[in-house]
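J.: My questions all concern the structure below.
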Amino acid sequence: MACDHSGPHSGVSKYLRDSTELRLTLVCDRCGAEQSEYGRLDYHPHARRFSAELAELTARELGLDERQVARVRFATLICDVGRDKIPPEILHKRGPLTPEEWVEMRRQPTLGAAMLSDAMFDDVREWILTRRERPDGRGYPLGLSGEEIPLEARILAVVDAYVAMISNRPYRPAKDHAYALRELLENAGGQFDVAVVQAFARARRGDEHELELATA
């Protein structure tokens with residue numbers, strides 16, 4: 001009997017190499033047939049794929065179930081949505097940003113969340129909106145703290161910070177792994193979630209002994 005596609009559906013992403021876009025489609029879980037396309041996003045595959053792998057490893061280390069691991073990976077792939085709405089002269093500025101430019105930069109989570117209006121993105125939209133929040137309450141845009149911030153958003157925050165540090169930026173060269181990991185550990189409890197940083201460190205170090213985290 002042919003599938004009537006009346007059951008649950010999932011969001012699926014596919015990279016279009018020729019156009020350097022991530023194509024987002026709705027697929028029937030029962031038969032795998034594509035039902036509709038609900039967006040295309042500019043996509044830089046190498047950097048984001050690496051980020052997605054780190055997020056997946058960290059989510060597994062934290063004990064998230066397979067569905068949540070998959071959603072975290074998906075969120076990591078698309079979490080830069082809204083970035084192209086920031087003026088390029090601010091986004092790629094080599095020197096320090098002015099207070100006015102920081103206001104513009106801090107719009108990215110809100111812009112990205114607003115672009116993901118479909119109900120299929122309800123969970124991911126919240127994570128993207130809150131991935132710049134901090135456990136100490138000094139983040140943005142909502143000023144959330146501690147467990148008010150979704151765990152998945154806390155994972156995105158750690159992965160984003162690590163990848164940013166080991167990547168070249170207009171204003172500085174890339175840092176090495178040891179430097180980036182040390183920065184995460186030193187800022188756990190303030191800028192980053194302690195448990196997420198510990199899980200990230202374990203995932204990155206494989207079978208090596210777990211790093212001790214100062215919680216003072």
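Here, A, B, ... name the chains of the structure tokens in the order displayed, residue numbers run from 1 inside each chain, and ligands are numbered from 1 in the same displayed order.
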I'd like the neighbourhood of Ala188 in chain A as an MDAnalysis selection string, where a residue qualifies if any of its atoms comes within 12 Å (using only C-alpha atoms), though same-chain residues fewer than 5 positions away should be ignored.
T.: chainID A and resid 134:136 146 154 157:158 161 181:183 193:201 212:216
J.: Could you give me, as an NGL selection string, the residues within 8 Å of range 50-66 of chain A, counting only C-alpha atoms and dropping anything in the same chain fewer than 6 positions from it?
T.: :A and (72-74 or 76-77 or 152 or 155-156 or 159-160 or 163 or 196 or 199-200 or 202-204)
J.: Taking only C-alpha atoms into account, name the residue in A:Gln68, A:Thr110, A:Ser167, A:Ser36 that is nearest to Thr130 in chain A.
T.: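 Ranking A:Gln68, A:Thr110, A:Ser167, A:Ser36 by distance to Thr130 in chain A, first place goes to A:Thr110.
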J.: Name the residues of range 16-145 of chain A that come out as strand (DSSP E or B) in a backbone DSSP run; write them as a ChimeraX atom specification.
T.: /A:16,21-28,34-42
J.: Taking N, CA and C atoms for each residue, export the selection above as a PDB file, in the first residue's frame.
T.:
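And here's part-v6.pdb as it stands now:
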```pdb
ATOM      1  N   LEU A  16      24.066  21.799  -0.969  1.00  0.00           N
ATOM      2  CA  LEU A  16      24.107  21.975  -2.414  1.00  0.00           C
ATOM      3  C   LEU A  16      25.451  22.597  -2.783  1.00  0.00           C
ATOM      4  N   GLU A  21      24.731  26.248  -0.618  1.00  0.00           N
ATOM      5  CA  GLU A  21      23.567  26.465   0.234  1.00  0.00           C
ATOM      6  C   GLU A  21      23.236  25.188   0.998  1.00  0.00           C
ATOM      7  N   LEU A  22      22.587  25.361   2.147  1.00  0.00           N
ATOM      8  CA  LEU A  22      22.019  24.246   2.879  1.00  0.00           C
ATOM      9  C   LEU A  22      20.527  24.246   2.586  1.00  0.00           C
ATOM     10  N   ARG A  23      20.034  23.179   1.950  1.00  0.00           N
ATOM     11  CA  ARG A  23      18.616  23.078   1.580  1.00  0.00           C
ATOM     12  C   ARG A  23      17.874  22.332   2.683  1.00  0.00           C
ATOM     13  N   LEU A  24      16.817  22.928   3.205  1.00  0.00           N
ATOM     14  CA  LEU A  24      16.049  22.369   4.307  1.00  0.00           C
ATOM     15  C   LEU A  24      14.722  21.841   3.776  1.00  0.00           C
ATOM     16  N   THR A  25      14.452  20.557   4.004  1.00  0.00           N
ATOM     17  CA  THR A  25      13.245  19.945   3.474  1.00  0.00           C
ATOM     18  C   THR A  25      12.489  19.191   4.565  1.00  0.00           C
ATOM     19  N   LEU A  26      11.209  18.955   4.301  1.00  0.00           N
ATOM     20  CA  LEU A  26      10.353  18.174   5.181  1.00  0.00           C
ATOM     21  C   LEU A  26      10.180  16.793   4.552  1.00  0.00           C
ATOM     22  N   VAL A  27      10.494  15.742   5.324  1.00  0.00           N
ATOM     23  CA  VAL A  27      10.506  14.376   4.800  1.00  0.00           C
ATOM     24  C   VAL A  27       9.595  13.491   5.649  1.00  0.00           C
ATOM     25  N   CYS A  28       8.835  12.649   4.996  1.00  0.00           N
ATOM     26  CA  CYS A  28       7.956  11.705   5.682  1.00  0.00           C
ATOM     27  C   CYS A  28       8.793  10.656   6.404  1.00  0.00           C
ATOM     28  N   GLU A  34      10.327  13.120   0.186  1.00  0.00           N
ATOM     29  CA  GLU A  34      10.384  14.555   0.451  1.00  0.00           C
ATOM     30  C   GLU A  34       9.025  15.174   0.156  1.00  0.00           C
ATOM     31  N   GLN A  35       8.537  15.986   1.105  1.00  0.00           N
ATOM     32  CA  GLN A  35       7.218  16.590   0.964  1.00  0.00           C
ATOM     33  C   GLN A  35       7.269  18.060   0.566  1.00  0.00           C
ATOM     34  N   SER A  36       8.208  18.782   1.098  1.00  0.00           N
ATOM     35  CA  SER A  36       8.285  20.207   0.762  1.00  0.00           C
ATOM     36  C   SER A  36       9.643  20.763   1.139  1.00  0.00           C
ATOM     37  N   GLU A  37       9.991  21.862   0.501  1.00  0.00           N
ATOM     38  CA  GLU A  37      11.194  22.600   0.858  1.00  0.00           C
ATOM     39  C   GLU A  37      10.777  23.810   1.680  1.00  0.00           C
ATOM     40  N   TYR A  38      11.453  24.024   2.831  1.00  0.00           N
ATOM     41  CA  TYR A  38      11.041  25.168   3.638  1.00  0.00           C
ATOM     42  C   TYR A  38      12.177  26.152   3.887  1.00  0.00           C
ATOM     43  N   GLY A  39      13.177  26.128   3.050  1.00  0.00           N
ATOM     44  CA  GLY A  39      14.188  27.172   3.150  1.00  0.00           C
ATOM     45  C   GLY A  39      15.530  26.755   2.595  1.00  0.00           C
ATOM     46  N   ARG A  40      16.343  27.770   2.254  1.00  0.00           N
ATOM     47  CA  ARG A  40      17.729  27.562   1.857  1.00  0.00           C
ATOM     48  C   ARG A  40      18.579  28.601   2.577  1.00  0.00           C
ATOM     49  N   LEU A  41      19.719  28.161   3.076  1.00  0.00           N
ATOM     50  CA  LEU A  41      20.592  29.043   3.833  1.00  0.00           C
ATOM     51  C   LEU A  41      21.998  29.004   3.247  1.00  0.00           C
ATOM     52  N   ASP A  42      22.680  30.143   3.249  1.00  0.00           N
ATOM     53  CA  ASP A  42      24.100  30.146   2.905  1.00  0.00           C
ATOM     54  C   ASP A  42      24.825  29.251   3.895  1.00  0.00           C
TER      55      ASP A  42
END
```
J.: To one decimal place in Å, what is the distance between CA of Phe192 in chain A and CA of Glu133 in chain A?
T.: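 That distance, rounded to one decimal, is 8.9 Å.
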J.: Going by DSSP on the backbone, which bits of chain A are helix (DSSP H, G or I)? Write them as a VMD selection string, please.
T.: chain A and resid 45 to 61 66 to 78 83 to 85 88 to 91 99 to 105 108 to 115 119 to 130 146 to 148 151 to 165 177 to 186 194 to 205
J.: Given only C-alpha atoms as the basis, pick out the residue of A:Tyr162, A:Arg131, A:Arg125, A:Met115 nearest to Leu185 in chain A.
T.: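 Closest to Leu185 in chain A, using only C-alpha atoms: A:Tyr162.
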J.: Grab the CA of Gly190 in chain A to CA of Ile149 in chain A distance for me, in Å with one decimal place.
T.: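 Those two atoms sit 13.0 Å apart.
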J.: For Gly82 in chain A, find every residue with an atom within 8 Å (counting only C-alpha atoms), except residues of its own chain fewer than 3 positions away, and show them as a PDB file with C-alpha atoms, in the first residue's frame.
T.:
```
ATOM      1  CA  LYS A  85      21.928  40.473   8.080  1.00  0.00           C
ATOM      2  CA  ILE A  86      24.828  42.082   9.961  1.00  0.00           C
ATOM      3  CA  GLN A 108      22.255  38.081  15.366  1.00  0.00           C
ATOM      4  CA  PRO A 109      20.533  35.597  17.739  1.00  0.00           C
ATOM      5  CA  LEU A 111      17.565  37.822  13.668  1.00  0.00           C
ATOM      6  CA  GLY A 112      18.393  34.134  13.284  1.00  0.00           C
ATOM      7  CA  ALA A 113      15.509  33.003  15.488  1.00  0.00           C
ATOM      8  CA  MET A 115      14.097  33.583  10.286  1.00  0.00           C
TER       9      MET A 115
END
```
J.: Find the spatial neighbours of His92 in chain A, counting only C-alpha atoms, within a cut-off of 12 Å - ignore same-chain residues fewer than 3 positions away - and output them as a list in words.
T.: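 Skipping anything fewer than 3 positions along the chain leaves Arg83, Asp84, Ile86, Pro87, Pro88, Glu89, Gly95, Pro96, Leu97, Glu101, Met105, Asn168, Arg169, Pro170, Tyr171 and Arg172 of chain A.
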J.: What would the file look like if the residues just selected were written as an mmCIF file, in the first residue's frame with N, CA and C atoms?
T.:
```
data_model
loop_
_atom_site.group_PDB
_atom_site.id
_atom_site.type_symbol
_atom_site.label_atom_id
_atom_site.label_comp_id
_atom_site.auth_asym_id
_atom_site.auth_seq_id
_atom_site.Cartn_x
_atom_site.Cartn_y
_atom_site.Cartn_z
ATOM 1 N N ARG A 83 23.363 35.779 10.195
ATOM 2 C CA ARG A 83 24.671 36.423 10.154
ATOM 3 C C ARG A 83 24.801 37.385 8.976
ATOM 4 N N ASP A 84 24.197 37.008 7.841
ATOM 5 C CA ASP A 84 24.311 37.863 6.659
ATOM 6 C C ASP A 84 23.467 39.126 6.768
ATOM 7 N N ILE A 86 23.932 41.136 9.308
ATOM 8 C CA ILE A 86 24.828 42.082 9.961
ATOM 9 C C ILE A 86 25.664 42.774 8.886
ATOM 10 N N PRO A 87 25.793 44.089 8.919
ATOM 11 C CA PRO A 87 26.589 44.787 7.900
ATOM 12 C C PRO A 87 28.003 44.221 7.823
ATOM 13 N N PRO A 88 28.503 43.923 6.618
ATOM 14 C CA PRO A 88 29.825 43.293 6.482
ATOM 15 C C PRO A 88 30.954 44.137 7.057
ATOM 16 N N GLU A 89 30.816 45.456 7.035
ATOM 17 C CA GLU A 89 31.872 46.302 7.594
ATOM 18 C C GLU A 89 31.985 46.142 9.107
ATOM 19 N N GLY A 95 39.478 45.997 13.715
ATOM 20 C CA GLY A 95 39.716 46.596 15.022
ATOM 21 C C GLY A 95 38.568 46.358 15.975
ATOM 22 N N PRO A 96 38.661 46.931 17.190
ATOM 23 C CA PRO A 96 37.591 46.772 18.178
ATOM 24 C C PRO A 96 36.287 47.396 17.692
ATOM 25 N N LEU A 97 35.171 46.812 18.091
ATOM 26 C CA LEU A 97 33.874 47.354 17.731
ATOM 27 C C LEU A 97 33.502 48.501 18.672
ATOM 28 N N GLU A 101 28.309 49.433 17.296
ATOM 29 C CA GLU A 101 28.524 48.247 16.465
ATOM 30 C C GLU A 101 28.238 46.976 17.251
ATOM 31 N N MET A 105 25.869 43.795 16.333
ATOM 32 C CA MET A 105 26.341 42.410 16.364
ATOM 33 C C MET A 105 25.445 41.539 17.236
ATOM 34 N N ASN A 168 41.034 31.555 12.179
ATOM 35 C CA ASN A 168 41.555 32.889 11.880
ATOM 36 C C ASN A 168 40.426 33.908 11.871
ATOM 37 N N ARG A 169 40.703 35.074 12.405
ATOM 38 C CA ARG A 169 39.751 36.160 12.429
ATOM 39 C C ARG A 169 40.416 37.403 11.840
ATOM 40 N N PRO A 170 39.628 38.368 11.327
ATOM 41 C CA PRO A 170 40.237 39.571 10.741
ATOM 42 C C PRO A 170 41.162 40.308 11.699
ATOM 43 N N TYR A 171 40.894 40.194 12.986
ATOM 44 C CA TYR A 171 41.639 40.954 13.988
ATOM 45 C C TYR A 171 42.703 40.145 14.719
ATOM 46 N N ARG A 172 42.821 38.809 14.410
ATOM 47 C CA ARG A 172 43.854 38.002 15.066
ATOM 48 C C ARG A 172 44.002 36.661 14.373
#
```
J.: For CA of Arg49 in chain A and CA of Arg138 in chain A, quote the distance in Å rounded to one decimal.
T.: 28.8 Å
